[in-house]
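Source file input10.cif; content: mmCIF, C-alpha atoms.
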data_coords
#
loop_
_atom_site.group_PDB
_atom_site.id
_atom_site.type_symbol
_atom_site.label_atom_id
_atom_site.label_comp_id
_atom_site.auth_asym_id
_atom_site.auth_seq_id
_atom_site.Cartn_x
_atom_site.Cartn_y
_atom_site.Cartn_z
ATOM 1 C CA VAL A 9 20.860 151.354 -121.512
ATOM 2 C CA ALA A 10 19.405 153.688 -124.137
ATOM 3 C CA SER A 11 17.793 157.099 -124.268
ATOM 4 C CA LEU A 12 14.202 157.258 -125.484
ATOM 5 C CA LYS A 13 12.953 160.645 -126.650
ATOM 6 C CA LEU A 14 9.522 161.658 -125.365
ATOM 7 C CA ALA A 15 9.221 165.082 -126.969
ATOM 8 C CA SER A 16 11.040 167.962 -128.592
ATOM 9 C CA GLY A 17 10.968 171.671 -127.827
ATOM 10 C CA CYS A 18 9.980 173.516 -124.669
ATOM 11 C CA ASP A 19 7.188 175.834 -123.540
ATOM 12 C CA ARG A 20 8.787 176.942 -120.265
ATOM 13 C CA ARG A 21 10.625 180.157 -121.093
ATOM 14 C CA GLY A 22 13.134 180.532 -118.293
ATOM 15 C CA ALA A 23 14.982 183.837 -118.285
ATOM 16 C CA PHE A 24 18.379 182.117 -118.587
ATOM 17 C CA CYS A 25 17.506 179.558 -121.279
ATOM 18 C CA ALA A 26 17.676 179.959 -125.046
ATOM 19 C CA ILE A 27 16.279 176.501 -125.891
ATOM 20 C CA PRO A 28 12.690 177.626 -126.678
ATOM 21 C CA SER A 29 14.007 180.200 -129.148
ATOM 22 C CA PHE A 30 15.687 177.610 -131.380
ATOM 23 C CA ARG A 31 13.824 174.357 -130.632
ATOM 24 C CA GLY A 32 10.296 175.734 -130.695
ATOM 25 C CA ALA A 33 7.221 174.671 -128.766
ATOM 26 C CA PHE A 34 6.918 171.418 -126.822
ATOM 27 C CA VAL A 35 5.749 168.608 -129.123
ATOM 28 C CA SER A 36 5.038 165.157 -127.660
ATOM 29 C CA ARG A 37 5.692 161.995 -129.621
ATOM 30 C CA PRO A 38 2.590 159.776 -129.894
ATOM 31 C CA PRO A 39 2.623 157.102 -127.170
ATOM 32 C CA ASP A 40 2.272 154.277 -129.701
ATOM 33 C CA GLU A 41 5.439 155.518 -131.418
ATOM 34 C CA VAL A 42 7.320 155.692 -128.093
ATOM 35 C CA LEU A 43 6.190 152.186 -127.152
ATOM 36 C CA ALA A 44 7.151 150.784 -130.551
ATOM 37 C CA GLU A 45 10.650 152.218 -130.200
ATOM 38 C CA ALA A 46 10.921 150.817 -126.661
ATOM 39 C CA GLU A 47 10.018 147.359 -127.956
ATOM 40 C CA TRP A 48 12.587 147.650 -130.737
ATOM 41 C CA LEU A 49 15.263 148.724 -128.247
ATOM 42 C CA ALA A 50 14.386 145.797 -125.975
ATOM 43 C CA ARG A 51 14.736 143.355 -128.875
ATOM 44 C CA SER A 52 18.160 144.899 -129.509
ATOM 45 C CA GLY A 53 19.281 143.993 -125.993
ATOM 46 C CA VAL A 54 18.520 147.242 -124.141
ATOM 47 C CA ARG A 55 17.586 146.669 -120.501
ATOM 48 C CA GLU A 56 17.115 150.232 -119.201
ATOM 49 C CA LEU A 57 15.264 153.084 -120.880
ATOM 50 C CA VAL A 58 16.043 156.708 -119.986
ATOM 51 C CA LEU A 59 13.165 158.954 -121.023
ATOM 52 C CA VAL A 60 14.368 162.357 -122.224
ATOM 53 C CA SER A 61 12.770 165.655 -123.166
ATOM 54 C CA GLU A 62 13.156 169.264 -122.101
ATOM 55 C CA ASN A 63 10.344 168.808 -119.567
ATOM 56 C CA SER A 64 9.051 165.268 -119.142
ATOM 57 C CA PRO A 65 5.987 166.070 -116.950
ATOM 58 C CA SER A 66 4.630 168.144 -119.878
ATOM 59 C CA TYR A 67 4.407 164.977 -121.977
ATOM 60 C CA GLY A 68 0.921 164.640 -123.444
ATOM 61 C CA LYS A 69 -0.305 168.188 -122.775
ATOM 62 C CA ASP A 70 -0.318 169.010 -126.477
ATOM 63 C CA LEU A 71 -2.060 165.675 -127.176
ATOM 64 C CA GLY A 72 -4.917 166.573 -124.853
ATOM 65 C CA ASP A 73 -3.862 164.420 -121.901
ATOM 66 C CA PRO A 74 -1.611 166.100 -119.299
ATOM 67 C CA ARG A 75 -1.400 162.808 -117.372
ATOM 68 C CA LEU A 76 -0.126 160.788 -120.302
ATOM 69 C CA LEU A 77 3.293 160.153 -118.736
ATOM 70 C CA GLU A 78 1.617 158.531 -115.743
ATOM 71 C CA LYS A 79 -0.112 156.116 -118.138
ATOM 72 C CA LEU A 80 2.924 155.536 -120.344
ATOM 73 C CA LEU A 81 5.424 154.647 -117.591
ATOM 74 C CA PRO A 82 3.727 151.344 -116.559
ATOM 75 C CA GLN A 83 3.376 150.376 -120.230
ATOM 76 C CA LEU A 84 7.073 150.936 -120.851
ATOM 77 C CA ALA A 85 7.998 149.005 -117.705
ATOM 78 C CA ALA A 86 5.914 146.080 -118.974
ATOM 79 C CA VAL A 87 7.860 145.797 -122.256
ATOM 80 C CA ASP A 88 9.439 142.355 -122.406
ATOM 81 C CA GLY A 89 13.168 142.562 -121.676
ATOM 82 C CA ILE A 90 13.073 146.012 -120.049
ATOM 83 C CA VAL A 91 13.952 145.884 -116.352
ATOM 84 C CA ARG A 92 14.199 149.602 -115.570
ATOM 85 C CA VAL A 93 12.569 152.774 -116.891
ATOM 86 C CA ARG A 94 13.946 156.117 -115.744
ATOM 87 C CA ALA A 95 12.257 159.471 -116.275
ATOM 88 C CA SER A 96 14.558 162.489 -116.512
ATOM 89 C CA TYR A 97 14.185 166.283 -116.660
ATOM 90 C CA LEU A 98 11.303 166.804 -114.244
ATOM 91 C CA GLN A 99 10.188 170.398 -113.638
ATOM 92 C CA PRO A 100 9.288 170.727 -109.930
ATOM 93 C CA ALA A 101 6.237 172.906 -110.683
ATOM 94 C CA GLU A 102 4.768 170.155 -112.874
ATOM 95 C CA THR A 103 5.753 167.104 -110.827
ATOM 96 C CA ARG A 104 2.220 166.205 -109.767
ATOM 97 C CA PRO A 105 1.237 163.906 -106.852
ATOM 98 C CA GLY A 106 -0.130 161.350 -109.312
ATOM 99 C CA LEU A 107 3.135 161.278 -111.248
ATOM 100 C CA ILE A 108 5.120 160.908 -108.022
ATOM 101 C CA GLU A 109 2.923 157.953 -107.019
ATOM 102 C CA VAL A 110 3.492 156.221 -110.363
ATOM 103 C CA ILE A 111 7.265 156.740 -110.283
ATOM 104 C CA CYS A 112 7.525 155.567 -106.675
ATOM 105 C CA GLY A 113 5.067 152.704 -106.883
ATOM 106 C CA THR A 114 5.393 151.055 -110.301
ATOM 107 C CA PRO A 115 7.581 147.933 -110.469
ATOM 108 C CA GLY A 116 10.271 148.445 -113.083
ATOM 109 C CA VAL A 117 10.135 152.250 -112.871
ATOM 110 C CA ALA A 118 13.135 153.682 -111.030
ATOM 111 C CA PRO A 119 12.162 155.785 -107.999
ATOM 112 C CA TYR A 120 14.394 158.523 -109.334
ATOM 113 C CA PHE A 121 13.710 162.247 -109.523
ATOM 114 C CA ASP A 122 15.839 164.454 -111.765
ATOM 115 C CA LEU A 123 14.382 167.743 -110.512
ATOM 116 C CA SER A 124 15.375 171.014 -112.125
ATOM 117 C CA PHE A 125 15.472 173.292 -109.054
ATOM 118 C CA GLN A 126 18.124 175.789 -110.343
ATOM 119 C CA HIS A 127 18.007 177.730 -107.037
ATOM 120 C CA SER A 128 15.891 177.858 -103.889
ATOM 121 C CA SER A 129 15.697 181.576 -103.153
ATOM 122 C CA GLU A 130 12.199 182.649 -104.130
ATOM 123 C CA SER A 131 13.370 186.057 -105.332
ATOM 124 C CA VAL A 132 16.065 184.544 -107.580
ATOM 125 C CA LEU A 133 13.612 181.993 -108.935
ATOM 126 C CA ARG A 134 11.138 184.739 -109.813
ATOM 127 C CA ARG A 135 13.818 186.568 -111.806
ATOM 128 C CA MET A 136 14.606 183.278 -113.523
ATOM 129 C CA ARG A 137 10.869 183.007 -114.327
ATOM 130 C CA ARG A 138 10.692 179.862 -112.271
ATOM 131 C CA PHE A 139 8.444 178.964 -109.355
ATOM 132 C CA GLY A 140 9.244 177.558 -105.953
ATOM 133 C CA SER A 141 11.120 178.205 -102.734
ATOM 134 C CA THR A 142 13.223 176.357 -100.183
ATOM 135 C CA GLU A 143 10.125 175.269 -98.269
ATOM 136 C CA ARG A 144 8.150 174.184 -101.332
ATOM 137 C CA PHE A 145 11.063 172.191 -102.705
ATOM 138 C CA LEU A 146 11.696 170.487 -99.357
ATOM 139 C CA ASP A 147 7.981 169.650 -99.149
ATOM 140 C CA LEU A 148 8.178 168.077 -102.625
ATOM 141 C CA LEU A 149 11.155 165.940 -101.593
ATOM 142 C CA GLY A 150 9.327 165.010 -98.389
ATOM 143 C CA THR A 151 6.327 163.807 -100.388
ATOM 144 C CA ILE A 152 8.580 161.667 -102.562
ATOM 145 C CA ARG A 153 10.369 160.091 -99.603
ATOM 146 C CA SER A 154 7.124 159.410 -97.773
ATOM 147 C CA LEU A 155 6.270 157.058 -100.653
ATOM 148 C CA ALA A 156 9.786 155.764 -101.390
ATOM 149 C CA PRO A 157 12.289 156.468 -98.578
ATOM 150 C CA GLU A 158 15.252 155.324 -100.687
ATOM 151 C CA ALA A 159 14.244 157.292 -103.801
ATOM 152 C CA GLY A 160 17.051 158.979 -105.681
ATOM 153 C CA ALA A 161 17.014 162.722 -106.260
ATOM 154 C CA ARG A 162 19.374 164.928 -108.214
ATOM 155 C CA SER A 163 19.308 168.537 -109.339
ATOM 156 C CA ASN A 164 21.240 171.395 -110.906
ATOM 157 C CA VAL A 165 21.733 174.852 -109.439
ATOM 158 C CA ILE A 166 22.976 178.133 -110.893
ATOM 159 C CA VAL A 167 24.965 180.619 -108.811
ATOM 160 C CA GLY A 168 25.630 184.244 -109.691
ATOM 161 C CA PHE A 169 22.340 184.938 -111.481
ATOM 162 C CA PRO A 170 21.730 188.702 -111.909
ATOM 163 C CA GLY A 171 20.516 190.211 -108.650
ATOM 164 C CA GLU A 172 21.630 187.264 -106.495
ATOM 165 C CA THR A 173 22.611 188.496 -103.008
ATOM 166 C CA ARG A 174 24.586 186.937 -100.187
ATOM 167 C CA ALA A 175 21.268 186.232 -98.466
ATOM 168 C CA ASP A 176 20.093 184.335 -101.554
ATOM 169 C CA VAL A 177 23.243 182.225 -101.463
ATOM 170 C CA GLU A 178 22.665 181.420 -97.783
ATOM 171 C CA GLN A 179 19.122 180.353 -98.688
ATOM 172 C CA LEU A 180 20.551 177.986 -101.294
ATOM 173 C CA VAL A 181 23.025 176.615 -98.754
ATOM 174 C CA ARG A 182 20.168 175.974 -96.326
ATOM 175 C CA PHE A 183 18.171 174.161 -98.962
ATOM 176 C CA LEU A 184 21.000 171.954 -100.199
ATOM 177 C CA SER A 185 22.003 171.070 -96.645
ATOM 178 C CA ALA A 186 18.474 169.847 -95.897
ATOM 179 C CA ALA A 187 17.575 168.285 -99.254
ATOM 180 C CA ARG A 188 19.752 165.109 -99.079
ATOM 181 C CA LEU A 189 20.269 165.006 -102.843
ATOM 182 C CA ASP A 190 22.261 162.166 -104.386
ATOM 183 C CA ALA A 191 23.838 164.356 -107.050
ATOM 184 C CA ILE A 192 24.084 168.120 -107.527
ATOM 185 C CA GLY A 193 25.315 169.849 -110.656
ATOM 186 C CA VAL A 194 26.607 173.370 -109.972
ATOM 187 C CA PHE A 195 26.852 175.977 -112.740
ATOM 188 C CA ASP A 196 28.204 179.506 -112.671
ATOM 189 C CA TYR A 197 25.986 181.995 -114.445
ATOM 190 C CA SER A 198 27.144 183.731 -117.593
ATOM 191 C CA ASP A 199 25.135 185.744 -120.110
ATOM 192 C CA GLU A 200 23.801 183.809 -123.074
ATOM 193 C CA GLU A 201 22.917 185.766 -126.173
ATOM 194 C CA GLY A 202 19.212 186.043 -126.865
ATOM 195 C CA THR A 203 18.042 185.372 -123.292
ATOM 196 C CA GLU A 204 16.146 187.730 -121.034
ATOM 197 C CA ALA A 205 18.724 187.265 -118.286
ATOM 198 C CA ALA A 206 21.425 188.807 -120.461
ATOM 199 C CA THR A 207 19.553 192.126 -120.292
ATOM 200 C CA LEU A 208 18.812 192.082 -116.558
ATOM 201 C CA PRO A 209 20.402 194.629 -114.202
ATOM 202 C CA GLY A 210 22.292 193.670 -111.060
ATOM 203 C CA LYS A 211 25.030 191.641 -112.695
ATOM 204 C CA VAL A 212 27.222 189.834 -110.163
ATOM 205 C CA SER A 213 30.951 190.382 -110.674
ATOM 206 C CA ALA A 214 32.932 187.525 -112.211
ATOM 207 C CA ALA A 215 35.117 187.244 -109.098
ATOM 208 C CA THR A 216 32.065 186.948 -106.843
ATOM 209 C CA VAL A 217 30.444 184.392 -109.131
ATOM 210 C CA ARG A 218 33.630 182.310 -108.989
ATOM 211 C CA ARG A 219 33.780 182.469 -105.181
ATOM 212 C CA ARG A 220 30.152 181.411 -104.894
ATOM 213 C CA TYR A 221 30.637 178.648 -107.445
ATOM 214 C CA ASP A 222 33.643 177.273 -105.573
ATOM 215 C CA ARG A 223 31.788 177.375 -102.260
ATOM 216 C CA ILE A 224 28.604 175.700 -103.505
ATOM 217 C CA SER A 225 30.574 173.113 -105.506
ATOM 218 C CA ALA A 226 32.576 172.095 -102.426
ATOM 219 C CA LEU A 227 29.390 171.931 -100.361
ATOM 220 C CA ALA A 228 27.670 169.831 -103.033
ATOM 221 C CA ASP A 229 30.543 167.319 -103.099
ATOM 222 C CA GLU A 230 30.436 167.002 -99.325
ATOM 223 C CA LEU A 231 26.649 166.648 -99.121
ATOM 224 C CA CYS A 232 26.416 164.082 -101.908
ATOM 225 C CA ALA A 233 29.178 161.994 -100.325
ATOM 226 C CA GLN A 234 27.236 162.096 -97.045
ATOM 227 C CA ARG A 235 24.078 160.994 -98.833
ATOM 228 C CA ALA A 236 25.955 158.045 -100.328
ATOM 229 C CA GLU A 237 27.185 157.071 -96.861
ATOM 230 C CA GLU A 238 23.574 157.038 -95.662
ATOM 231 C CA ARG A 239 22.958 154.191 -98.104
ATOM 232 C CA VAL A 240 25.491 151.860 -96.451
ATOM 233 C CA GLY A 241 23.589 148.818 -95.204
ATOM 234 C CA SER A 242 20.658 149.394 -97.555
ATOM 235 C CA THR A 243 19.513 147.098 -100.336
ATOM 236 C CA VAL A 244 19.835 148.323 -103.929
ATOM 237 C CA GLU A 245 19.023 146.881 -107.340
ATOM 238 C CA VAL A 246 22.095 147.120 -109.524
ATOM 239 C CA LEU A 247 22.033 146.874 -113.305
ATOM 240 C CA VAL A 248 25.430 145.633 -114.499
ATOM 241 C CA ASP A 249 26.926 147.990 -117.096
ATOM 242 C CA SER A 250 30.445 146.697 -117.638
ATOM 243 C CA ILE A 251 32.960 144.044 -116.645
ATOM 244 C CA ASP A 252 36.602 144.982 -117.100
ATOM 245 C CA GLY A 253 39.483 142.964 -115.700
ATOM 246 C CA GLY A 254 37.172 141.272 -113.234
ATOM 247 C CA VAL A 255 35.751 144.594 -111.980
ATOM 248 C CA VAL A 256 31.964 144.500 -112.193
ATOM 249 C CA GLU A 257 30.430 147.950 -112.376
ATOM 250 C CA GLY A 258 26.793 148.962 -112.585
ATOM 251 C CA ARG A 259 24.237 151.417 -111.334
ATOM 252 C CA ALA A 260 21.630 151.383 -108.606
ATOM 253 C CA ALA A 261 18.173 152.841 -109.250
ATOM 254 C CA HIS A 262 19.263 156.269 -107.975
ATOM 255 C CA GLN A 263 22.204 156.414 -110.400
ATOM 256 C CA ALA A 264 21.481 157.609 -113.935
ATOM 257 C CA PRO A 265 24.050 156.829 -116.628
ATOM 258 C CA GLU A 266 27.232 158.933 -116.554
ATOM 259 C CA VAL A 267 26.018 161.649 -114.154
ATOM 260 C CA ASP A 268 25.218 160.127 -110.754
ATOM 261 C CA GLY A 269 28.105 157.821 -109.924
ATOM 262 C CA SER A 270 28.181 154.046 -110.093
ATOM 263 C CA THR A 271 28.096 150.898 -107.973
ATOM 264 C CA THR A 272 30.983 148.422 -107.973
ATOM 265 C CA LEU A 273 29.985 144.886 -107.045
ATOM 266 C CA VAL A 274 32.325 143.054 -104.688
ATOM 267 C CA ALA A 275 32.495 139.344 -103.978
ATOM 268 C CA PRO A 276 30.490 138.073 -100.991
ATOM 269 C CA ALA A 277 32.310 136.289 -98.184
ATOM 270 C CA THR A 278 30.028 133.289 -98.626
ATOM 271 C CA GLY A 279 27.053 132.501 -100.838
ATOM 272 C CA GLY A 280 25.459 135.271 -102.815
ATOM 273 C CA VAL A 281 26.041 135.761 -106.517
ATOM 274 C CA ASP A 282 29.182 134.578 -108.309
ATOM 275 C CA LEU A 283 30.781 137.709 -109.797
ATOM 276 C CA ALA A 284 32.425 135.657 -112.537
ATOM 277 C CA ALA A 285 29.002 134.573 -113.787
ATOM 278 C CA LEU A 286 27.639 138.106 -114.192
ATOM 279 C CA ARG A 287 27.162 139.743 -117.581
ATOM 280 C CA PRO A 288 26.244 143.293 -118.688
ATOM 281 C CA GLY A 289 22.483 143.686 -118.463
ATOM 282 C CA ASP A 290 22.052 141.478 -115.396
ATOM 283 C CA LEU A 291 19.959 143.010 -112.629
ATOM 284 C CA VAL A 292 20.968 141.930 -109.120
ATOM 285 C CA ARG A 293 19.885 142.711 -105.601
ATOM 286 C CA ALA A 294 22.848 143.874 -103.515
ATOM 287 C CA THR A 295 23.711 145.237 -100.079
ATOM 288 C CA VAL A 296 25.718 148.459 -99.921
ATOM 289 C CA THR A 297 28.930 147.968 -97.929
ATOM 290 C CA GLY A 298 30.973 151.096 -98.644
ATOM 291 C CA THR A 299 31.300 154.352 -100.549
ATOM 292 C CA GLU A 300 33.820 156.556 -102.322
ATOM 293 C CA GLY A 301 32.356 159.979 -102.961
ATOM 294 C CA VAL A 302 29.015 159.323 -104.657
ATOM 295 C CA ASP A 303 30.094 155.841 -105.792
ATOM 296 C CA LEU A 304 28.952 152.746 -103.926
ATOM 297 C CA TYR A 305 30.406 149.323 -103.234
ATOM 298 C CA ALA A 306 27.888 146.522 -102.804
ATOM 299 C CA VAL A 307 27.746 142.757 -102.350
ATOM 300 C CA PRO A 308 25.329 141.024 -104.761
ATOM 301 C CA GLU A 309 22.923 138.770 -102.885
ATOM 302 C CA ALA A 310 20.560 137.496 -105.575
ATOM 303 C CA MET A 311 19.865 137.629 -109.289
ATOM 304 C CA ILE A 312 16.655 139.515 -110.075
ATOM 305 C CA SER A 313 16.761 139.253 -113.869
ATOM 306 C CA ALA A 314 19.518 137.768 -115.989
ATOM 307 C CA ALA A 315 20.219 139.358 -119.360
ATOM 308 C CA PRO A 316 19.741 137.036 -122.330
ATOM 309 C CA ARG A 317 23.095 135.388 -122.909
ATOM 310 C CA GLY A 318 24.636 136.312 -126.239
ATOM 311 C CA ALA A 319 22.739 139.639 -126.354
ATOM 312 C CA GLY A 320 25.655 142.029 -126.131
#
Show me this structure written as structure tokens.
Amino acid sequence: VASLKLASGCDRRGAFCAIPSFRGAFVSRPPDEVLAEAEWLARSGVRELVLVSENSPSYGKDLGDPRLLEKLLPQLAAVDGIVRVRASYLQPAETRPGLIEVICGTPGVAPYFDLSFQHSSESVLRRMRRFGSTERFLDLLGTIRSLAPEAGARSNVIVGFPGETRADVEQLVRFLSAARLDAIGVFDYSDEEGTEAATLPGKVSAATVRRRYDRISALADELCAQRAEERVGSTVEVLVDSIDGGVVEGRAAHQAPEVDGSTTLVAPATGGVDLAALRPGDLVRATVTGTEGVDLYAVPEAMISAAPRGAG
């Protein structure tokens, strides 16, 4: 697996974020350059590409084509040797129906949505200079799952933003409880020099921020474990990452590297795929049999694509 940079900089000036002040405006890399790097990575033995930028749906806007990512994803998935392409850092306000259709419906593109919600209370989002609400975000997730019921979805949320009330926290709880996210990163707000948020009134006390952080973190752990349990009995495509002492570990399509848990492959009772024959980079179809937190256990049923032997 390797990261592939789509762009640098950011044009979305959130009240809590200092990135635009030191990275500048959003600048897309030319698609030919991105494709050439993808081909080079594939020749080096890379099997999964993770597309990164500060806001991937903005890719191509500065090149005159706001739908360029929708065109690029199938091209990247068609690169010889690449079996999975994963788009990360999707801003909900820019995650268009056409982009959702491409991510959900293109073979080789992971139906995976790394959505930067940050909160779900409309009033908090407005102060953050973000757009959305509990209902709009749930509608977005509903659209995704209507096209790909098993699609993965993750997000980050911030608690304790200036002006956040108990009612806002309850709104966030309602959203997270209904959203069925596979992974949730929870952050406690603190002032960052040079941001608008640092100057806002209505600061939440440190003790209250900590209480809210602890509550939402515990809820997130519980909800994500429940979501993993929902996947028991389902079929997943697992890309093998490592084999250590006979333990074969990889990731399903809804599991990005290092942040969303992993899938451990276990030997089938009869038939299936021989674990001893697997190598890093193999892509197998497997049935989920158990969970531990957000991690899955699955029995490999068939080889989808074997990694070139001797390639790492």
For this file, the PyMOL selection byres ((chain A and resi 177) around 12) selects which residues, as a compact mmCIF listing (two decimals) with C-alpha atoms, in the frame of the given file?
# COMPACT_ATOMS: atom_id res chain seq x y z
CA HIS A 127 18.01 177.73 -107.04
CA SER A 128 15.89 177.86 -103.89
CA SER A 129 15.70 181.58 -103.15
CA GLU A 130 12.20 182.65 -104.13
CA SER A 131 13.37 186.06 -105.33
CA VAL A 132 16.07 184.54 -107.58
CA THR A 142 13.22 176.36 -100.18
CA VAL A 165 21.73 174.85 -109.44
CA ILE A 166 22.98 178.13 -110.89
CA VAL A 167 24.96 180.62 -108.81
CA GLY A 168 25.63 184.24 -109.69
CA PHE A 169 22.34 184.94 -111.48
CA GLY A 171 20.52 190.21 -108.65
CA GLU A 172 21.63 187.26 -106.50
CA THR A 173 22.61 188.50 -103.01
CA ARG A 174 24.59 186.94 -100.19
CA ALA A 175 21.27 186.23 -98.47
CA ASP A 176 20.09 184.34 -101.55
CA GLU A 178 22.66 181.42 -97.78
CA GLN A 179 19.12 180.35 -98.69
CA LEU A 180 20.55 177.99 -101.29
CA VAL A 181 23.02 176.62 -98.75
CA ARG A 182 20.17 175.97 -96.33
CA PHE A 183 18.17 174.16 -98.96
CA LEU A 184 21.00 171.95 -100.20
CA THR A 216 32.06 186.95 -106.84
CA VAL A 217 30.44 184.39 -109.13
CA ARG A 219 33.78 182.47 -105.18
CA ARG A 220 30.15 181.41 -104.89
CA TYR A 221 30.64 178.65 -107.44
CA ARG A 223 31.79 177.38 -102.26
CA ILE A 224 28.60 175.70 -103.50
To one decimal in Å, tell me the separation between CA of Val93 in chain A and CA of Ala228 in chain A.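 Distance reported for this atom pair: 26.7 Å.
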To test your reading of the syntax: which residues would the PyMOL selection byres ((chain A and resi 253-260) around 8) return for the file shown? Reply as JSON, numbers by chain. {"A": [244, 245, 246, 247, 248, 249, 250, 251, 252, 261, 262, 263, 264, 265, 269, 270, 271, 272, 273, 274, 283, 284, 286]}
For CA of Pro115 in chain A and CA of Val35 in chain A, the interatomic separation in Å (one decimal):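 So the two atoms, CA of Pro115 in chain A and CA of Val35 in chain A, lie 27.9 Å apart.
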What's around Asp290 in chain A at 8 Å? Count only C-alpha atoms, leave out sequence neighbours fewer than 2 positions away in its own chain, and write the answer as a count of residues only. 11
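Atom pair CA of Asn63 in chain A / CA of Gln99 in chain A has a distance of 6.1 Å (rounded to one decimal).
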Write a file for range 46-52 of chain A, containing all heavy atoms (output as a PDB file, in the first residue's frame).
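Written out: decode18.pdb:
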ATOM      1  N   ALA A  46       1.328   6.471 -10.216  1.00  0.00           N
ATOM      2  CA  ALA A  46       0.607   5.242  -9.885  1.00  0.00           C
ATOM      3  C   ALA A  46       1.210   4.048 -10.620  1.00  0.00           C
ATOM      4  O   ALA A  46       1.377   2.965 -10.046  1.00  0.00           O
ATOM      5  CB  ALA A  46      -0.874   5.390 -10.243  1.00  0.00           C
ATOM      6  N   GLU A  47       1.557   4.247 -11.884  1.00  0.00           N
ATOM      7  CA  GLU A  47       2.154   3.160 -12.664  1.00  0.00           C
ATOM      8  C   GLU A  47       3.531   2.784 -12.115  1.00  0.00           C
ATOM      9  O   GLU A  47       3.876   1.596 -12.052  1.00  0.00           O
ATOM     10  CB  GLU A  47       2.237   3.578 -14.138  1.00  0.00           C
ATOM     11  CG  GLU A  47       0.862   3.672 -14.789  1.00  0.00           C
ATOM     12  CD  GLU A  47       0.887   4.396 -16.118  1.00  0.00           C
ATOM     13  OE1 GLU A  47       1.986   4.904 -16.494  1.00  0.00           O
ATOM     14  OE2 GLU A  47      -0.159   4.466 -16.784  1.00  0.00           O
ATOM     15  N   TRP A  48       4.286   3.795 -11.702  1.00  0.00           N
ATOM     16  CA  TRP A  48       5.601   3.519 -11.112  1.00  0.00           C
ATOM     17  C   TRP A  48       5.447   2.760  -9.799  1.00  0.00           C
ATOM     18  O   TRP A  48       6.190   1.788  -9.539  1.00  0.00           O
ATOM     19  CB  TRP A  48       6.333   4.837 -10.879  1.00  0.00           C
ATOM     20  CG  TRP A  48       7.655   4.653 -10.177  1.00  0.00           C
ATOM     21  CD1 TRP A  48       8.840   4.269 -10.740  1.00  0.00           C
ATOM     22  CD2 TRP A  48       7.905   4.821  -8.780  1.00  0.00           C
ATOM     23  NE1 TRP A  48       9.829   4.188  -9.765  1.00  0.00           N
ATOM     24  CE2 TRP A  48       9.275   4.526  -8.562  1.00  0.00           C
ATOM     25  CE3 TRP A  48       7.113   5.197  -7.701  1.00  0.00           C
ATOM     26  CZ2 TRP A  48       9.852   4.593  -7.299  1.00  0.00           C
ATOM     27  CZ3 TRP A  48       7.685   5.273  -6.447  1.00  0.00           C
ATOM     28  CH2 TRP A  48       9.040   4.975  -6.250  1.00  0.00           C
ATOM     29  N   LEU A  49       4.488   3.165  -8.975  1.00  0.00           N
ATOM     30  CA  LEU A  49       4.254   2.466  -7.708  1.00  0.00           C
ATOM     31  C   LEU A  49       3.837   1.017  -7.961  1.00  0.00           C
ATOM     32  O   LEU A  49       4.282   0.101  -7.264  1.00  0.00           O
ATOM     33  CB  LEU A  49       3.181   3.199  -6.897  1.00  0.00           C
ATOM     34  CG  LEU A  49       3.606   4.541  -6.288  1.00  0.00           C
ATOM     35  CD1 LEU A  49       2.390   5.300  -5.775  1.00  0.00           C
ATOM     36  CD2 LEU A  49       4.612   4.330  -5.152  1.00  0.00           C
ATOM     37  N   ALA A  50       2.981   0.807  -8.956  1.00  0.00           N
ATOM     38  CA  ALA A  50       2.538  -0.552  -9.271  1.00  0.00           C
ATOM     39  C   ALA A  50       3.713  -1.416  -9.702  1.00  0.00           C
ATOM     40  O   ALA A  50       3.826  -2.585  -9.299  1.00  0.00           O
ATOM     41  CB  ALA A  50       1.469  -0.511 -10.362  1.00  0.00           C
ATOM     42  N   ARG A  51       4.605  -0.854 -10.507  1.00  0.00           N
ATOM     43  CA  ARG A  51       5.791  -1.625 -10.931  1.00  0.00           C
ATOM     44  C   ARG A  51       6.700  -1.937  -9.756  1.00  0.00           C
ATOM     45  O   ARG A  51       7.468  -2.909  -9.788  1.00  0.00           O
ATOM     46  CB  ARG A  51       6.562  -0.847 -12.006  1.00  0.00           C
ATOM     47  CG  ARG A  51       5.855  -0.757 -13.346  1.00  0.00           C
ATOM     48  CD  ARG A  51       6.804  -0.284 -14.440  1.00  0.00           C
ATOM     49  NE  ARG A  51       7.336   1.049 -14.189  1.00  0.00           N
ATOM     50  CZ  ARG A  51       6.758   2.189 -14.571  1.00  0.00           C
ATOM     51  NH1 ARG A  51       5.594   2.150 -15.229  1.00  0.00           N
ATOM     52  NH2 ARG A  51       7.326   3.355 -14.307  1.00  0.00           N
ATOM     53  N   SER A  52       6.600  -1.134  -8.702  1.00  0.00           N
ATOM     54  CA  SER A  52       7.409  -1.357  -7.494  1.00  0.00           C
ATOM     55  C   SER A  52       6.776  -2.365  -6.546  1.00  0.00           C
ATOM     56  O   SER A  52       7.342  -2.647  -5.484  1.00  0.00           O
ATOM     57  CB  SER A  52       7.609  -0.021  -6.763  1.00  0.00           C
ATOM     58  OG  SER A  52       8.223   0.932  -7.605  1.00  0.00           O
TER      59      SER A  52
END
